[in-house]
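Peer 1: So here's query.txt, just compact mmCIF, C-alpha atoms and all ligand atoms:
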# COMPACT_ATOMS: atom_id res chain seq x y z
CA MET A 25 110.36 70.02 117.95
CA ILE A 26 107.32 72.17 117.26
CA THR A 27 104.60 70.48 115.27
CA PRO A 28 103.56 72.84 112.51
CA PRO A 29 99.86 73.40 111.91
CA THR A 30 98.80 70.93 109.26
CA THR A 31 95.61 72.49 108.03
CA SER A 32 95.18 75.78 106.29
CA VAL A 33 92.56 78.08 107.79
CA PRO A 34 89.63 78.75 105.46
CA MET A 35 90.51 82.32 104.79
CA SER A 36 89.87 82.96 101.15
CA PRO A 37 86.53 84.62 100.51
CA GLN A 38 84.89 83.32 97.32
CA THR A 39 85.60 86.61 95.63
CA PHE A 40 89.37 86.27 95.98
CA ASP A 41 91.08 83.32 94.34
CA VAL A 42 94.63 83.39 95.68
CA GLU A 43 95.78 80.46 93.55
CA SER A 44 94.83 82.12 90.30
CA LEU A 45 96.44 85.35 91.49
CA ARG A 46 99.65 83.46 92.32
CA GLY A 47 99.66 82.24 88.73
CA GLU A 48 100.32 85.82 87.65
CA PHE A 49 103.66 85.87 89.50
CA PRO A 50 106.21 83.67 87.65
CA ILE A 51 108.83 83.97 90.39
CA LEU A 52 106.64 82.10 92.87
CA ASN A 53 107.51 78.89 90.99
CA VAL A 54 111.26 79.32 91.48
CA LEU A 55 113.02 76.61 93.51
CA VAL A 56 115.36 77.64 96.32
CA HIS A 57 117.63 74.87 97.63
CA GLY A 58 115.23 72.39 96.07
CA HIS A 59 112.16 73.90 97.75
CA ARG A 60 109.46 75.98 96.14
CA LEU A 61 110.11 79.58 97.14
CA VAL A 62 108.14 80.84 100.15
CA TYR A 63 108.57 84.56 99.76
CA LEU A 64 107.86 86.39 103.02
CA ASP A 65 110.03 89.46 102.45
CA ASN A 66 107.42 91.66 100.83
CA ALA A 67 108.13 94.68 103.01
CA ALA A 68 111.62 94.79 101.47
CA THR A 69 110.28 94.47 97.96
CA SER A 70 107.25 92.83 96.40
CA GLN A 71 107.29 90.40 93.48
CA LYS A 72 106.03 91.46 90.03
CA PRO A 73 103.02 90.22 88.12
CA ARG A 74 103.36 89.26 84.46
CA ALA A 75 101.55 92.43 83.37
CA VAL A 76 104.27 94.62 84.89
CA ILE A 77 107.14 92.53 83.53
CA ARG A 78 105.53 92.58 80.08
CA SER A 79 104.94 96.30 80.22
CA GLU A 80 108.61 97.09 80.84
CA GLU A 81 109.66 94.64 78.13
CA GLU A 82 107.15 96.03 75.66
CA TYR A 83 108.38 99.56 76.29
CA TYR A 84 111.94 98.58 75.37
CA ARG A 85 110.80 96.41 72.48
CA THR A 86 108.47 98.88 70.82
CA MET A 87 108.99 102.51 71.85
CA ASN A 88 112.28 103.12 73.65
CA ALA A 89 113.34 106.76 73.14
CA ASN A 90 113.97 109.78 75.30
CA VAL A 91 110.94 111.74 76.52
CA HIS A 92 109.97 115.41 76.02
CA ARG A 93 112.83 115.86 73.56
CA GLY A 94 112.35 114.39 70.10
CA VAL A 95 109.90 115.07 67.31
CA HIS A 96 110.37 111.58 65.92
CA THR A 97 107.68 108.94 66.28
CA LEU A 98 109.32 106.84 68.97
CA SER A 99 110.02 109.82 71.18
CA GLU A 100 106.43 110.96 70.83
CA LYS A 101 105.20 107.46 71.67
CA ALA A 102 107.49 107.16 74.71
CA THR A 103 106.47 110.63 75.93
CA ALA A 104 102.79 109.83 75.54
CA ARG A 105 103.19 106.52 77.40
CA TYR A 106 105.23 108.17 80.19
CA GLU A 107 102.57 110.85 80.67
CA GLU A 108 99.72 108.32 80.46
CA SER A 109 101.41 106.44 83.25
CA ARG A 110 101.56 109.60 85.36
CA GLU A 111 97.83 109.99 84.75
CA SER A 112 97.14 106.36 85.82
CA ILE A 113 99.03 106.97 89.04
CA ARG A 114 97.22 110.28 89.62
CA LYS A 115 93.90 108.54 89.26
CA TYR A 116 94.95 105.64 91.46
CA ILE A 117 95.89 107.86 94.41
CA GLY A 118 93.09 110.37 93.88
CA ALA A 119 95.32 113.40 93.25
CA GLY A 120 93.62 116.43 91.70
CA SER A 121 96.16 117.04 88.95
CA ALA A 122 99.01 115.27 87.14
CA LYS A 123 101.12 118.29 88.14
CA GLU A 124 101.10 116.84 91.64
CA ILE A 125 102.73 113.55 90.58
CA VAL A 126 106.52 113.77 90.50
CA PHE A 127 108.52 110.77 89.30
CA VAL A 128 111.45 110.07 91.60
CA ARG A 129 113.65 107.05 92.31
CA GLY A 130 111.64 105.96 95.33
CA THR A 131 110.46 106.94 98.79
CA THR A 132 113.97 107.87 99.90
CA GLU A 133 114.45 110.35 97.09
CA ALA A 134 110.94 111.76 97.56
CA ILE A 135 111.60 112.57 101.22
CA ASN A 136 115.04 114.01 100.47
CA LEU A 137 113.46 116.19 97.79
CA VAL A 138 110.99 117.70 100.27
CA ALA A 139 113.64 118.16 102.97
CA ALA A 140 116.02 119.87 100.53
CA THR A 141 113.42 122.20 99.00
CA TYR A 142 110.37 122.80 101.17
CA GLY A 143 112.45 122.13 104.28
CA LYS A 144 115.20 124.60 103.43
CA MET A 145 112.61 127.26 102.53
CA HIS A 146 110.50 126.96 105.65
CA VAL A 147 112.55 125.48 108.48
CA GLY A 148 114.89 127.79 110.36
CA LYS A 149 116.79 128.12 113.61
CA GLY A 150 114.70 127.16 116.62
CA ASP A 151 111.91 125.61 114.52
CA HIS A 152 110.80 122.02 115.06
CA VAL A 153 110.39 119.12 112.62
CA VAL A 154 108.31 116.23 113.98
CA ILE A 155 108.75 112.54 113.20
CA SER A 156 107.77 109.42 115.16
CA GLY A 157 109.83 106.83 117.02
CA MET A 158 109.04 104.16 114.42
CA GLU A 159 110.45 105.85 111.31
CA HIS A 160 112.65 104.19 108.70
CA HIS A 161 116.07 105.84 108.36
CA SER A 162 114.79 107.44 105.13
CA ASN A 163 112.37 109.46 107.20
CA ILE A 164 114.89 110.33 109.91
CA VAL A 165 118.21 111.15 108.29
CA PRO A 166 117.01 113.77 105.74
CA TRP A 167 115.34 115.70 108.59
CA GLN A 168 118.39 115.35 110.81
CA MET A 169 120.51 116.75 107.98
CA LEU A 170 118.06 119.63 107.55
CA CYS A 171 118.03 120.36 111.29
CA GLY A 172 121.84 120.21 111.35
CA GLU A 173 122.06 122.78 108.56
CA THR A 174 119.38 125.14 109.84
CA GLY A 175 119.66 124.90 113.62
CA ALA A 176 116.15 123.43 113.89
CA LEU A 177 115.20 120.71 116.37
CA LEU A 178 114.00 117.20 115.50
CA ARG A 179 111.16 116.17 117.82
CA VAL A 180 110.19 112.50 118.07
CA ILE A 181 106.72 111.23 119.01
CA PRO A 182 107.27 108.43 121.54
CA LEU A 183 105.82 104.91 121.15
CA ASN A 184 103.98 102.77 123.66
CA ASP A 185 104.98 99.17 124.37
CA ARG A 186 102.70 97.82 121.62
CA GLY A 187 104.42 99.96 119.00
CA GLU A 188 101.83 102.72 118.61
CA VAL A 189 102.45 106.46 118.62
CA ILE A 190 101.30 108.10 121.85
CA LEU A 191 98.80 110.58 120.48
CA SER A 192 98.60 112.70 123.65
CA GLU A 193 102.37 113.28 123.38
CA TYR A 194 101.99 114.12 119.70
CA GLU A 195 99.41 116.80 120.56
CA LYS A 196 101.81 118.34 123.08
CA ILE A 197 104.69 118.33 120.59
CA LEU A 198 102.48 120.02 117.97
CA ASP A 199 102.05 123.00 120.27
CA GLY A 200 105.71 123.93 119.73
CA PRO A 201 107.14 125.94 116.79
CA VAL A 202 106.57 123.03 114.38
CA LYS A 203 107.13 123.65 110.67
CA LEU A 204 106.53 120.12 109.34
CA VAL A 205 105.37 116.67 110.45
CA ALA A 206 106.81 113.61 108.64
CA ILE A 207 105.25 110.30 109.60
CA SER A 208 105.06 106.79 108.19
CA HIS A 209 101.68 105.41 107.16
CA ILE A 210 102.75 101.87 108.10
CA SER A 211 105.89 100.93 110.03
CA ASN A 212 108.22 98.55 108.21
CA ALA A 213 109.72 97.22 111.44
CA LEU A 214 106.57 96.87 113.58
CA GLY A 215 103.71 96.62 111.10
CA THR A 216 101.78 99.36 112.91
CA VAL A 217 99.21 101.22 110.83
CA ASN A 218 99.29 104.78 112.07
CA PRO A 219 96.12 106.85 112.48
CA ILE A 220 97.45 109.27 109.92
CA ARG A 221 94.13 110.86 109.03
CA GLU A 222 93.70 111.91 112.62
CA MET A 223 97.35 112.96 112.89
CA ILE A 224 97.14 115.04 109.71
CA ALA A 225 93.96 116.74 110.95
CA SER A 226 95.65 117.62 114.27
CA ALA A 227 98.62 119.15 112.48
CA HIS A 228 96.39 121.04 110.04
CA ARG A 229 94.36 122.56 112.89
CA ARG A 230 97.62 124.34 113.74
CA GLY A 231 98.49 125.13 110.12
CA ILE A 232 101.32 122.56 109.98
CA PRO A 233 101.85 120.59 106.74
CA VAL A 234 102.32 116.82 106.83
CA LEU A 235 104.45 114.47 104.75
CA VAL A 236 103.44 110.80 104.82
CA ASP A 237 105.97 108.06 104.13
CA GLY A 238 103.73 105.62 102.30
CA ALA A 239 106.42 103.08 101.36
CA GLN A 240 104.75 100.21 103.22
CA ALA A 241 101.14 101.18 102.62
CA MET A 242 100.78 100.99 98.86
CA GLN A 243 100.99 97.19 98.57
CA HIS A 244 98.15 96.74 101.05
CA GLY A 245 95.47 98.68 99.19
CA PRO A 246 94.66 101.92 97.46
CA VAL A 247 95.49 105.19 99.20
CA ASP A 248 93.50 108.35 98.49
CA VAL A 249 95.63 111.42 99.08
CA ARG A 250 92.65 113.77 98.84
CA GLU A 251 90.74 111.85 101.45
CA LEU A 252 93.80 111.85 103.73
CA GLU A 253 94.32 115.56 103.03
CA CYS A 254 98.08 115.05 103.29
CA ASP A 255 100.42 117.66 101.84
CA PHE A 256 103.06 115.22 100.60
CA TYR A 257 102.88 111.45 100.13
CA ALA A 258 106.01 109.46 99.21
CA PHE A 259 106.12 105.90 97.88
CA SER A 260 108.22 103.38 95.95
CA GLY A 261 107.14 101.40 92.89
CA HIS A 262 109.00 98.24 93.86
CA LYS A 263 106.96 97.75 97.03
CA MET A 264 103.65 97.87 95.14
CA PHE A 265 104.33 95.20 92.50
CA GLY A 266 106.08 97.70 90.21
CA PRO A 267 109.75 97.99 89.23
CA THR A 268 112.71 99.16 91.28
CA GLY A 269 114.25 102.59 90.72
CA ILE A 270 110.96 104.43 90.34
CA GLY A 271 108.66 106.05 92.86
CA ILE A 272 106.39 108.98 93.40
CA LEU A 273 106.29 112.16 95.35
CA PHE A 274 102.75 113.44 95.53
CA GLY A 275 102.68 117.09 96.62
CA ARG A 276 99.84 119.55 96.78
CA GLU A 277 100.13 121.78 93.73
CA ALA A 278 100.04 124.99 95.74
CA LEU A 279 103.05 123.83 97.77
CA LEU A 280 105.02 122.40 94.84
CA GLU A 281 104.56 125.68 92.96
CA THR A 282 106.34 127.63 95.69
CA MET A 283 109.22 125.17 96.09
CA PRO A 284 112.59 125.60 94.36
CA PRO A 285 113.85 122.77 92.11
CA TYR A 286 115.63 119.84 93.74
CA GLN A 287 118.23 119.29 91.03
CA GLY A 288 119.26 121.32 87.99
CA GLY A 289 119.63 119.86 84.50
CA GLY A 290 117.77 118.99 81.34
CA ASP A 291 113.97 118.85 81.20
CA MET A 292 113.45 120.96 84.34
CA ILE A 293 113.94 124.22 82.44
CA LYS A 294 112.00 126.41 80.04
CA SER A 295 115.01 128.49 78.99
CA VAL A 296 118.64 128.86 80.01
CA THR A 297 121.14 131.67 79.48
CA PHE A 298 124.39 132.10 81.35
CA GLU A 299 122.67 134.84 83.33
CA LYS A 300 119.37 133.23 84.16
CA THR A 301 117.31 130.04 84.00
CA ILE A 302 113.54 129.94 83.84
CA TYR A 303 112.27 126.72 85.37
CA ASN A 304 109.79 124.39 83.75
CA ASP A 305 106.19 123.96 84.89
CA LEU A 306 105.10 121.31 87.36
CA PRO A 307 105.83 118.47 87.65
CA HIS A 308 108.82 118.71 85.24
CA LYS A 309 110.51 121.31 87.45
CA PHE A 310 111.36 118.41 89.78
CA GLU A 311 112.39 115.89 87.13
CA ALA A 312 115.87 116.92 86.02
CA GLY A 313 117.64 114.65 83.53
CA THR A 314 116.45 111.58 81.65
CA PRO A 315 114.03 109.79 83.96
CA ASN A 316 113.52 106.06 84.47
CA ILE A 317 111.05 105.95 81.58
CA ALA A 318 110.59 102.18 81.45
CA GLY A 319 110.13 102.11 85.21
CA ALA A 320 107.54 104.89 85.09
CA VAL A 321 105.63 103.10 82.33
CA ALA A 322 105.63 99.81 84.24
CA LEU A 323 104.61 101.56 87.47
CA GLY A 324 101.60 102.92 85.61
CA THR A 325 100.80 99.34 84.59
CA ALA A 326 101.18 98.23 88.22
CA THR A 327 98.59 100.78 89.35
CA GLU A 328 96.23 99.67 86.57
CA TRP A 329 96.74 96.05 87.68
CA LEU A 330 96.09 97.03 91.32
CA SER A 331 92.94 98.93 90.31
CA GLY A 332 91.45 95.72 88.95
CA LEU A 333 91.63 93.86 92.28
CA ASP A 334 88.90 93.41 94.88
CA TRP A 335 90.48 95.20 97.81
CA THR A 336 87.67 94.49 100.25
CA ALA A 337 88.27 90.76 99.82
CA ILE A 338 92.06 91.14 99.81
CA GLY A 339 92.02 93.33 102.92
CA LEU A 340 90.11 90.64 104.78
CA TYR A 341 92.35 87.90 103.40
CA GLU A 342 95.54 89.73 104.45
CA GLN A 343 94.18 90.40 107.94
CA ASN A 344 93.26 86.72 108.36
CA LEU A 345 96.70 85.67 107.19
CA LEU A 346 98.35 88.09 109.61
CA GLN A 347 96.23 86.73 112.46
CA TYR A 348 97.05 83.15 111.50
CA ALA A 349 100.79 83.89 111.44
CA THR A 350 100.63 85.89 114.68
CA ASP A 351 98.79 83.07 116.48
CA ALA A 352 101.18 80.41 115.18
CA LEU A 353 104.27 82.42 116.14
CA SER A 354 102.83 83.29 119.55
CA ASP A 355 102.38 79.56 120.22
CA MET A 356 106.07 78.86 119.63
CA PRO A 357 108.13 78.74 122.82
CA GLY A 358 110.74 81.48 123.09
CA VAL A 359 109.16 83.71 120.44
CA ARG A 360 108.57 87.36 121.26
CA ILE A 361 106.71 89.45 118.73
CA ILE A 362 107.95 93.03 118.46
CA GLY A 363 105.02 95.22 117.48
CA THR A 364 101.58 94.24 118.71
CA ALA A 365 99.60 97.33 117.73
CA GLU A 366 95.85 97.11 117.47
CA ARG A 367 95.97 98.10 113.80
CA LYS A 368 98.63 96.24 111.87
CA ALA A 369 99.45 95.38 108.27
CA GLY A 370 100.94 92.01 107.26
CA ILE A 371 104.29 92.36 109.00
CA VAL A 372 105.44 90.24 111.95
CA SER A 373 108.79 91.09 113.54
CA PHE A 374 110.03 88.68 116.15
CA VAL A 375 112.94 87.35 118.15
CA MET A 376 113.31 83.70 119.22
CA ASN A 377 115.16 82.84 122.43
CA ASP A 378 118.62 84.35 122.10
CA ILE A 379 119.18 83.08 118.57
CA HIS A 380 120.59 85.79 116.35
CA PRO A 381 118.03 86.74 113.68
CA HIS A 382 120.69 86.30 110.97
CA ASP A 383 121.03 82.63 111.98
CA ILE A 384 117.26 82.28 111.80
CA GLY A 385 117.20 83.84 108.33
CA THR A 386 120.06 81.67 107.05
CA ILE A 387 118.54 78.40 108.29
CA LEU A 388 115.10 79.36 106.93
CA ASP A 389 116.66 80.02 103.53
CA ARG A 390 117.81 76.39 103.35
CA ASP A 391 114.10 75.49 103.39
CA GLY A 392 113.32 78.05 100.69
CA VAL A 393 111.71 80.46 103.16
CA ALA A 394 112.77 84.09 102.53
CA ILE A 395 112.41 86.54 105.39
CA ARG A 396 114.40 89.64 106.31
CA THR A 397 116.59 89.85 109.39
CA GLY A 398 118.44 92.79 110.92
CA HIS A 399 117.45 96.27 112.04
CA HIS A 400 115.33 96.92 108.92
CA CYS A 401 116.82 100.42 108.58
CA ALA A 402 114.97 101.35 111.75
CA GLN A 403 117.66 101.23 114.41
CA PRO A 404 115.78 103.50 116.85
CA VAL A 405 112.91 100.97 116.84
CA MET A 406 115.34 98.20 117.81
CA MET A 407 116.67 100.38 120.62
CA ARG A 408 113.17 101.22 121.84
CA TYR A 409 112.29 97.54 122.25
CA GLY A 410 115.70 96.47 123.55
CA VAL A 411 116.71 94.13 120.70
CA PRO A 412 119.70 94.40 118.33
CA ALA A 413 117.72 93.01 115.41
CA THR A 414 114.60 91.03 114.57
CA ALA A 415 113.47 88.38 112.12
CA ARG A 416 110.65 89.78 109.99
CA ALA A 417 108.06 87.90 107.96
CA SER A 418 106.06 90.24 105.74
CA PHE A 419 103.06 89.11 103.74
CA ALA A 420 101.54 90.19 100.45
CA LEU A 421 98.30 89.33 98.73
CA TYR A 422 99.78 86.20 97.09
CA ASN A 423 100.90 84.53 100.33
CA THR A 424 98.95 81.61 101.77
CA ALA A 425 98.31 79.86 105.06
CA SER A 426 100.38 76.90 103.90
CA GLU A 427 103.33 79.28 103.44
CA VAL A 428 102.84 80.37 107.05
CA ASP A 429 102.88 76.66 107.94
CA ALA A 430 106.18 76.32 106.04
CA LEU A 431 107.61 79.25 108.03
CA ILE A 432 106.59 77.67 111.32
CA ALA A 433 107.99 74.28 110.28
CA ALA A 434 111.29 75.89 109.26
CA LEU A 435 111.44 77.74 112.58
CA GLY A 436 111.04 74.36 114.26
CA ARG A 437 114.15 73.24 112.38
CA VAL A 438 115.99 76.37 113.54
CA ARG A 439 115.31 75.28 117.12
CA GLU A 440 116.63 71.78 116.35
CA VAL A 441 119.79 73.08 114.65
CA MET A 442 120.44 75.51 117.50
CA GLY A 443 119.85 72.72 120.05
CA ILE A 444 116.87 74.38 121.78
N1 LIG B 1 112.05 99.54 103.60
C1 LIG B 1 112.41 97.23 104.27
O1 LIG B 1 112.88 96.10 104.12
P1 LIG B 1 113.13 102.90 99.26
O2 LIG B 1 114.37 102.15 99.62
O3 LIG B 1 113.41 104.34 98.93
O4 LIG B 1 112.30 102.22 98.24
O5 LIG B 1 112.20 102.88 100.58
C2 LIG B 1 112.69 103.35 101.80
C3 LIG B 1 111.70 103.14 102.88
C4 LIG B 1 111.09 104.24 103.45
N2 LIG B 1 110.15 104.10 104.39
C5 LIG B 1 109.74 102.89 104.82
C6 LIG B 1 108.66 102.80 105.86
C7 LIG B 1 110.33 101.74 104.30
O6 LIG B 1 109.92 100.54 104.73
C8 LIG B 1 111.34 101.86 103.31
C9 LIG B 1 112.04 100.66 102.77
C10 LIG B 1 112.61 98.26 103.19
O7 LIG B 1 111.74 97.52 105.26
C11 LIG B 1 114.05 98.35 102.77
S1 LIG B 1 115.08 98.98 104.06
Translate this file's structure into structure tokens.
Peer 2:
Amino acid sequence: MITPPTTSVPMSPQTFDVESLRGEFPILNVLVHGHRLVYLDNAATSQKPRAVIRSEEEYYRTMNANVHRGVHTLSEKATARYEESRESIRKYIGAGSAKEIVFVRGTTEAINLVAATYGKMHVGKGDHVVISGMEHHSNIVPWQMLCGETGALLRVIPLNDRGEVILSEYEKILDGPVKLVAISHISNALGTVNPIREMIASAHRRGIPVLVDGAQAMQHGPVDVRELECDFYAFSGHKMFGPTGIGILFGREALLETMPPYQGGGDMIKSVTFEKTIYNDLPHKFEAGTPNIAGAVALGTATEWLSGLDWTAIGLYEQNLLQYATDALSDMPGVRIIGTAERKAGIVSFVMNDIHPHDIGTILDRDGVAIRTGHHCAQPVMMRYGVPATARASFALYNTASEVDALIAALGRVREVMGI
């Protein structure tokens, strides 16, 4: 049996009090099979602070009404709160205008929106769309569908053995008839942080726009879309301490203006006759139907909550935690870490001997340790590294070294149960 590390590394700078931050997350006190929850599945979805939970509740308790429709007080209140939330998010990601902030269901819908509108307008037969070998299915399938419909070709930037994009290959691919690059900021399956600023600059030197899948990035610190100079940035509320069912497509105003609507319906129009519809202004042109108002409001609260944190201290804390977990896992016999990039976020994917990751996940759950197992909606990554699936521990700002110790101890029990 593996002896788990007994001491916690001194990793919390004075400026960041993890225990008091944990106190803001009620779910961290839940018991699972008699054990206090050790939640290490943050890449799948993050937990919610009290402020976010309260915000959604308060919306329903005090102002629930439809937006942009009524003249009555509640509708005006709900509309104002919905638009204030858009403004909070705009500020948080450094966008120039609230017109560039489109509420969607999440990253998946944001990418599909761009593929179905910008993609259909600009990508034709013989053109290329570029993605990388580490993309989530949400940033593969919409482009495959587009290429299938238009006769374009999907080009894939290959990965090295550590799980990093091979930039020299990317440069070569960019010299083709490329109409769009779509790349993840951080890989959900490998933890790799891509050099997206550099990659965006390379594409822009050739006049090629870039969409960034930011699903995994937003919980690890603020992202400034102006600084990145990306053309589109897609993310999900639920992975950044906000609610499920709400997310954002940031798009440069000049591009969004030229794009056709994604869906037709209420709120995306200025006027409708049976002969002709005049579409609404940005961003409403892309928000057909009653939106997830409560979700949008609470996502605004999540960004306000995130703005109040000391990200220099948290960045250091998360990197130390990642290092601690990586070292502990590397010391376990039979463990192979998949994804050893130089720049990583708090995600460790691994396999252990020939134990199926689902067995690992199930046994860990008995000890209250929640991780994700499977292909993580990134089957090409599994193929690239020759594994059917991995076990994945993913860390957020409220995780601690003693939770890593609990993971390692539980993995020791997996070895015992499996007779290794
Ligand atoms: N990854 C994971 O466990 P949605 O489902 O739309 O909120 O996000 C999709 C998505 C897109 N891109 C990346 C890089 C992602 O990681 C995800 C979601 C979760 O890894 C669920 S599969």
Peer 1: What's around range 340-353 of chain A at 10 Å? Count only C-alpha atoms, leave out sequence neighbours fewer than 3 positions away in its own chain, and write the answer as a PyMOL selection string.
Peer 2: chain A and resi 28-29+32-37+40+42+244+335-337+356-361+364+367-374+376+417-425+427-429+431-432+435
Peer 1: For ligand LIG 1 (chain B), collect every residue having any atom at a distance of at most 10 Å from a ligand atom (counting all atoms listed in the file); output as an MDAnalysis selection string.
Peer 2: chainID A and resid 65:69 128:136 158:164 207:215 236:241 258:263 268:271 371 395:402 416 418
Peer 1: How far is it from CA of Arg276 in chain A to CA of Asn304 in chain A, in Å with one decimal?
Peer 2: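 Going from CA of Arg276 in chain A over to CA of Asn304 in chain A covers 17.1 Å.
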Peer 1: Given all atoms listed in the file, how would the per-residue table for range 264-381 of chain A near range 180-188 of chain A read, listing every residue at most 8 Å away with its closest atom pair and distance in Å to one decimal, sorted by chain and number, as a tab-separated table?
Peer 2:
residue	atom	partner	partner_atom	distance
A:Ile362	CA	A:Arg186	CA	7.8
A:Gly363	CA	A:Gly187	CA	5.0
A:Thr364	CA	A:Arg186	CA	4.7
A:Ala365	CA	A:Arg186	CA	5.0
Peer 1: What would the file look like if the residues just selected were written as an mmCIF file, keeping the file's coordinate frame with C-alpha atoms?
Peer 2:
data_model
loop_
_atom_site.group_PDB
_atom_site.id
_atom_site.type_symbol
_atom_site.label_atom_id
_atom_site.label_comp_id
_atom_site.auth_asym_id
_atom_site.auth_seq_id
_atom_site.Cartn_x
_atom_site.Cartn_y
_atom_site.Cartn_z
ATOM 1 C CA ILE A 362 107.950 93.030 118.460
ATOM 2 C CA GLY A 363 105.020 95.220 117.480
ATOM 3 C CA THR A 364 101.580 94.240 118.710
ATOM 4 C CA ALA A 365 99.600 97.330 117.730
#
Peer 1: For Tyr106 in chain A, which residue out of A:Thr314, A:Ile190, A:Asp389, A:Asp355 is the nearest one, using only C-alpha atoms?
Peer 2: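 With only C-alpha atoms as the atom set, the closest residue is A:Thr314.
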Peer 1: Go through A:Val321, A:Cys254, A:Val153, A:Leu178 and flag the residue nearest Glu277 in chain A, using only C-alpha atoms for the distances.
Peer 2: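 That would be A:Cys254, the residue with the smallest distance to Glu277 in chain A.
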Peer 1: Would you mind telling me which residue in A:Val147, A:Val296, A:Val56, A:Ala394 lies nearest to Gly175 in chain A when using only C-alpha atoms?
Peer 2: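 So, comparing all the options, the nearest one is A:Val147.
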Peer 1: What does the distance between CA of Val62 in chain A and CA of Val393 in chain A come to in Å, to one decimal place?
Peer 2: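 Result for CA of Val62 in chain A versus CA of Val393 in chain A: 4.7 Å, one decimal.
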Peer 1: Could you tell me how far CA of Trp167 in chain A sits from CA of Gly289 in chain A, in Å to one decimal place?
Peer 2: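 About the pair CA of Gly289 in chain A and CA of Trp167 in chain A: they are 24.8 Å apart.
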Peer 1: Can you build me a table of range 293-384 of chain A residues sitting at most 10 Å from range 91-97 of chain A, with the closest atom pair per residue and its distance in Å to one decimal, using all atoms listed in the file, sorted by chain and residue number, as a tab-separated table?
Peer 2:
residue	atom	partner	partner_atom	distance
A:His308	CA	A:His92	CA	9.9
A:Thr314	CA	A:Val91	CA	7.5
A:Pro315	CA	A:Val91	CA	8.3
A:Ile317	CA	A:Val91	CA	7.7
Peer 1: Please tabulate, as a tab-separated table, the residues of range 280-355 of chain A that come within 12 Å of range 119-127 of chain A, each with its closest pair of atoms and the distance in Å to one decimal, counting all atoms listed in the file and ordering rows by chain, then residue number upward.
Peer 2:
residue	atom	partner	partner_atom	distance
A:Leu280	CA	A:Glu124	CA	7.5
A:Glu281	CA	A:Lys123	CA	9.5
A:Pro285	CA	A:Val126	CA	11.7
A:Tyr286	CA	A:Val126	CA	11.4
A:Met292	CA	A:Val126	CA	11.7
A:Asn304	CA	A:Lys123	CA	11.5
A:Asp305	CA	A:Lys123	CA	8.3
A:Leu306	CA	A:Lys123	CA	5.1
A:Pro307	CA	A:Lys123	CA	4.7
A:His308	CA	A:Val126	CA	7.6
A:Lys309	CA	A:Val126	CA	9.1
A:Phe310	CA	A:Val126	CA	6.7
A:Glu311	CA	A:Phe127	CA	6.8
A:Ala312	CA	A:Phe127	CA	10.1
A:Gly313	CA	A:Phe127	CA	11.5
A:Thr314	CA	A:Phe127	CA	11.0
A:Pro315	CA	A:Phe127	CA	7.7
A:Asn316	CA	A:Phe127	CA	8.4
A:Ile317	CA	A:Phe127	CA	9.4
A:Ala318	CA	A:Phe127	CA	11.8
A:Gly319	CA	A:Phe127	CA	9.7
A:Ala320	CA	A:Phe127	CA	7.3
A:Val321	CA	A:Phe127	CA	10.8
A:Leu323	CA	A:Phe127	CA	10.2
A:Gly324	CA	A:Phe127	CA	11.1
Peer 1: Counting all atoms listed in the file, what is within 6 Å of Ile302 in chain A, bar same-chain residues fewer than 2 positions away, as number ranges by chain?
Peer 2: A: 293-295
Peer 1: Could you write those residues out with C-alpha atoms, as an mmCIF file, in the coordinates of the input?
Peer 2:
data_model
loop_
_atom_site.group_PDB
_atom_site.id
_atom_site.type_symbol
_atom_site.label_atom_id
_atom_site.label_comp_id
_atom_site.auth_asym_id
_atom_site.auth_seq_id
_atom_site.Cartn_x
_atom_site.Cartn_y
_atom_site.Cartn_z
ATOM 1 C CA ILE A 293 113.940 124.220 82.440
ATOM 2 C CA LYS A 294 112.000 126.410 80.040
ATOM 3 C CA SER A 295 115.010 128.490 78.990
#
Peer 1: Counting only C-alpha atoms, what is within 9 Å of Pro412 in chain A, bar same-chain residues fewer than 3 positions away, as a list in words?
Peer 2: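 The residues satisfying every condition are His380, Gly398, His399, Gln403, Met406, Met407 and Tyr409 of chain A.
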Peer 1: Residues at most 8 Å from Gly150 in chain A, counting only C-alpha atoms, excluding those fewer than 3 positions away in the same chain, as a short mmCIF file (atom, residue, chain, number, x, y, z; two decimals) with C-alpha atoms, in the coordinates of the input?
Peer 2:
data_model
loop_
_atom_site.label_atom_id
_atom_site.label_comp_id
_atom_site.auth_asym_id
_atom_site.auth_seq_id
_atom_site.Cartn_x
_atom_site.Cartn_y
_atom_site.Cartn_z
CA GLY A 175 119.66 124.90 113.62
CA ALA A 176 116.15 123.43 113.89
CA LEU A 177 115.20 120.71 116.37
CA PRO A 201 107.14 125.94 116.79
#
Peer 1: Find the spatial neighbours of Ser79 in chain A, counting all atoms listed in the file, within a cut-off of 8 Å - ignore same-chain residues fewer than 2 positions away - and output them as a tab-separated table (two decimals) with C-alpha atoms, in the frame of the given file.
Peer 2:
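This went into around-v3.tsv:
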chain	number	residue	atom	x	y	z
A	75	ALA	CA	101.55	92.43	83.37
A	76	VAL	CA	104.27	94.62	84.89
A	77	ILE	CA	107.14	92.53	83.53
A	81	GLU	CA	109.66	94.64	78.13
A	82	GLU	CA	107.15	96.03	75.66
A	83	TYR	CA	108.38	99.56	76.29
A	321	VAL	CA	105.63	103.10	82.33
A	322	ALA	CA	105.63	99.81	84.24
A	325	THR	CA	100.80	99.34	84.59
Peer 1: For range 77-93 of chain A, take all atoms listed in the file, fit an axis-aligned box around them, add 4 Å to each of the six sides, then output centre and edge lengths in Å rounded to one decimal, as JSON.
Peer 2:
{"center_x": 109.5, "center_y": 104.2, "center_z": 77.2, "size_x": 17.0, "size_y": 31.3, "size_z": 20.7}
